[in-house]
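Asks: Pasting a structure here, questions to come.
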Amino acid sequence: MNLKQLSDMLDLSQTTVSRALNGYPEVNEDTRRRVADAAKRHGYRPNPSARRLATGKAGMIGYVMPTGAAVDIDPHFVEFLSGLGDYARGHELDLVLSPTAADEEETTYRRVVANKQVDAVYVSSPRPADRRVTLLNQLGIPFIVHGRSEGLGFDYPFMDIDNEAAFHDAARLLIQLGHAKVGLINGDIGQTFAIFRERGVRRALAASGLTLAAERVRSVAMTEENGFRASMSLLQGNAPPTAILCSSLIMALGAVRAIRDLGLTIPGDVSLIAHDDVFPWLKPENFSVPLTTTRSSIRAAGSRIAERLAAKLSGLETEPRGEVWPVDLVVRGSIAGAKT
């Protein structure tokens, strides 16, 4: 079915149908939904070249992806990408990955924008005063940041979870259970999510007159092996923690293995809490001891990023708005009162 046939069938002009399919704000929601339902029912798909000519848009979301031996594609990224792809697939959007060396990201962003390869981009794993965000703001392309960057001096669009509050609440719960020696196995401390999480733990401890000792903190890439090594290091140190907070369920797998290998028990000897990104294949309730978690779906975050980019392209979102999701604290059997 072509555009004219679809328009005749709906008794609408081709311009109205085209604008409805491409999300123009002047088309009311009832008409947009009616057109979208008919297009789906009859298998209509707009011609990409025609759409570009008619709207000036390619229907493409871009992501500049660092590659190379030093870069790992971890399950968190794959799960996020799945959520983004789920939304994009249902809204006639495609995702373009532009690989780049880690030290050439800015050059690649300039090339992608100059070549008009994509209509919008998203940025992941932001760092403080992230130069990528500054560059995209200067280049004028629609973008959104998954996470937040501090110290930029201007407003920009982002979507993040409340990492500080999540780890503050988790640490406070451990303190209420009598744990004064709390360990933190965090992600890359150069990234803002990890900075916020450590900040939350420190704030909770400080409220009870406690501190997060340097010897009870590890910042590593979020893998099972790193979780194992970090936990072994903490628990065999001079001041081992009685409770550990992990920045990922994947790291928690390694922590559980380390605790077991040292002949300790959860929660008898060590209480354990981890952040749960809601992987469909790794459920905290299926751990040998059901795991207490801070919980927020990274797949849902990916879908929301795509939704907001689509809103930017259609003119429905115009302000540089920040969005912060609260995080659930789900208590299970992996925590108990500290030994006296």
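Simple scheme: letters A, B, ... for chains in structure tokens order, numbers from 1 for residues in each chain, numbers from 1 for ligands in the order shown.
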If you run DSSP on the backbone, which residues of segment 54-212 of chain A are strand (DSSP E or B), as number ranges by chain?
Replies: A: 60-67, 94-101, 120-123, 143-146, 158-161, 182-186
Asks: Keeping only N, CA and C atoms, write those residues as a CSV table (one decimal), in the first residue's frame.
Replies:
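The result, stored in out26.csv:
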chain,number,residue,atom,x,y,z
A,60,MET,N,16.6,8.6,12.0
A,60,MET,CA,17.7,7.9,12.5
A,60,MET,C,18.1,8.5,13.9
A,61,ILE,N,18.3,7.6,14.9
A,61,ILE,CA,18.9,8.0,16.1
A,61,ILE,C,20.4,7.5,16.1
A,62,GLY,N,21.3,8.4,16.5
A,62,GLY,CA,22.7,8.0,16.4
A,62,GLY,C,23.3,7.8,17.8
A,63,TYR,N,24.3,6.9,17.8
A,63,TYR,CA,25.1,6.6,19.0
A,63,TYR,C,26.6,6.5,18.6
A,64,VAL,N,27.4,7.3,19.2
A,64,VAL,CA,28.9,7.2,18.9
A,64,VAL,C,29.4,6.2,20.0
A,65,MET,N,29.9,5.0,19.5
A,65,MET,CA,30.3,3.9,20.3
A,65,MET,C,31.8,3.7,20.3
A,66,PRO,N,32.4,4.0,21.5
A,66,PRO,CA,33.9,3.7,21.6
A,66,PRO,C,34.1,2.2,21.4
A,67,THR,N,35.2,1.9,20.7
A,67,THR,CA,35.5,0.5,20.5
A,67,THR,C,37.0,0.3,20.7
A,94,ASP,N,15.2,4.2,13.3
A,94,ASP,CA,16.3,3.3,13.2
A,94,ASP,C,17.5,3.8,14.1
A,95,LEU,N,18.3,2.9,14.5
A,95,LEU,CA,19.5,3.3,15.3
A,95,LEU,C,20.8,3.1,14.5
A,96,VAL,N,21.6,4.1,14.5
A,96,VAL,CA,22.9,4.1,13.7
A,96,VAL,C,24.0,4.1,14.7
A,97,LEU,N,24.8,3.1,14.7
A,97,LEU,CA,26.0,3.1,15.6
A,97,LEU,C,27.2,3.5,14.8
A,98,SER,N,27.9,4.5,15.4
A,98,SER,CA,29.1,5.0,14.7
A,98,SER,C,30.3,4.6,15.6
A,99,PRO,N,31.1,3.6,15.2
A,99,PRO,CA,32.2,3.2,16.0
A,99,PRO,C,33.3,4.2,16.0
A,100,THR,N,34.1,4.3,17.1
A,100,THR,CA,35.2,5.3,17.1
A,100,THR,C,36.2,4.9,18.1
A,101,ALA,N,37.4,5.3,18.0
A,101,ALA,CA,38.4,5.1,19.0
A,101,ALA,C,38.0,6.0,20.2
A,120,ALA,N,19.1,12.8,15.6
A,120,ALA,CA,19.4,13.1,17.0
A,120,ALA,C,20.3,12.0,17.5
A,121,VAL,N,21.0,12.3,18.7
A,121,VAL,CA,21.9,11.4,19.3
A,121,VAL,C,21.6,11.3,20.8
A,122,TYR,N,22.1,10.1,21.3
A,122,TYR,CA,22.1,10.1,22.8
A,122,TYR,C,23.5,9.8,23.3
A,123,VAL,N,23.8,10.2,24.5
A,123,VAL,CA,25.1,10.1,25.1
A,123,VAL,C,25.0,9.2,26.3
A,143,PHE,N,19.7,16.1,21.2
A,143,PHE,CA,20.4,15.0,21.9
A,143,PHE,C,19.8,14.9,23.3
A,144,ILE,N,20.1,13.8,24.0
A,144,ILE,CA,19.7,13.5,25.3
A,144,ILE,C,20.8,12.7,26.0
A,145,VAL,N,21.0,12.9,27.3
A,145,VAL,CA,22.1,12.2,28.0
A,145,VAL,C,21.4,11.1,28.9
A,146,HIS,N,21.9,9.9,28.8
A,146,HIS,CA,21.5,8.8,29.7
A,146,HIS,C,22.4,8.9,30.9
A,158,PHE,N,18.4,15.3,30.0
A,158,PHE,CA,18.9,14.1,30.4
A,158,PHE,C,17.8,13.2,31.1
A,159,MET,N,18.1,12.0,31.2
A,159,MET,CA,17.3,11.0,31.9
A,159,MET,C,18.2,10.2,32.8
A,160,ASP,N,17.9,10.1,34.1
A,160,ASP,CA,18.8,9.5,35.0
A,160,ASP,C,17.9,8.8,36.1
A,161,ILE,N,18.5,7.9,36.9
A,161,ILE,CA,17.9,7.4,38.1
A,161,ILE,C,18.5,8.1,39.3
A,182,VAL,N,30.8,-0.6,56.6
A,182,VAL,CA,30.1,-0.8,55.3
A,182,VAL,C,31.1,-0.7,54.2
A,183,GLY,N,31.2,-1.7,53.3
A,183,GLY,CA,32.0,-1.7,52.2
A,183,GLY,C,31.2,-1.4,50.9
A,184,LEU,N,31.9,-0.7,50.0
A,184,LEU,CA,31.3,-0.3,48.7
A,184,LEU,C,32.1,-0.8,47.5
A,185,ILE,N,31.5,-1.7,46.7
A,185,ILE,CA,32.1,-2.1,45.4
A,185,ILE,C,31.4,-1.3,44.3
A,186,ASN,N,32.1,-0.3,43.8
A,186,ASN,CA,31.4,0.6,42.9
A,186,ASN,C,31.9,0.4,41.5
Asks: Determine which residues of segment 201-296 of chain A DSSP labels as alpha helix (DSSP H) from the backbone of this structure, then write them out as JSON, numbers by chain.
Replies: {"A": [201, 202, 203, 204, 205, 206, 207, 224, 225, 226, 227, 228, 229, 230, 231, 232, 233, 234, 235, 249, 250, 251, 252, 253, 254, 255, 256, 257, 258, 259, 260, 261]}
Asks: Rank A:Pro320, A:Gly337, A:Pro241, A:Gly209 by their smallest atom-to-atom distance to Val133 of chain A, using only C-alpha atoms, and report the top residue only.
Replies: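 Nearest to Val133 of chain A: A:Pro320.
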Asks: Can you tell me, as a ChimeraX atom specification, what residues are no more than 10 Å from Glu215 of chain A when counting only C-alpha atoms, ignoring any on the same chain fewer than 3 positions away?
Replies: /A:183-184,212,218,233-234,237-241
Asks: Show me, as an MDAnalysis selection string, the residues that have an atom within 12 Å of Gly147 of chain A when counting only C-alpha atoms, minus same-chain residues fewer than 6 positions from it.
Replies: chainID A and resid 122:128 130 133 156:163 191:196 298 301:302 305 322:325
Asks: Restricting the calculation to only C-alpha atoms: of A:Ala180, A:Thr293, A:Met1, A:Met222, which residue gets closest to Asp74 of chain A?
Replies: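 The closest residue to Asp74 of chain A is A:Met222.
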Asks: Using only C-alpha atoms for the distances, tell me which of A:Gly254, A:Val27, A:Asp169, A:Leu329 is nearest to Thr15 of chain A.
Replies: A:Val27
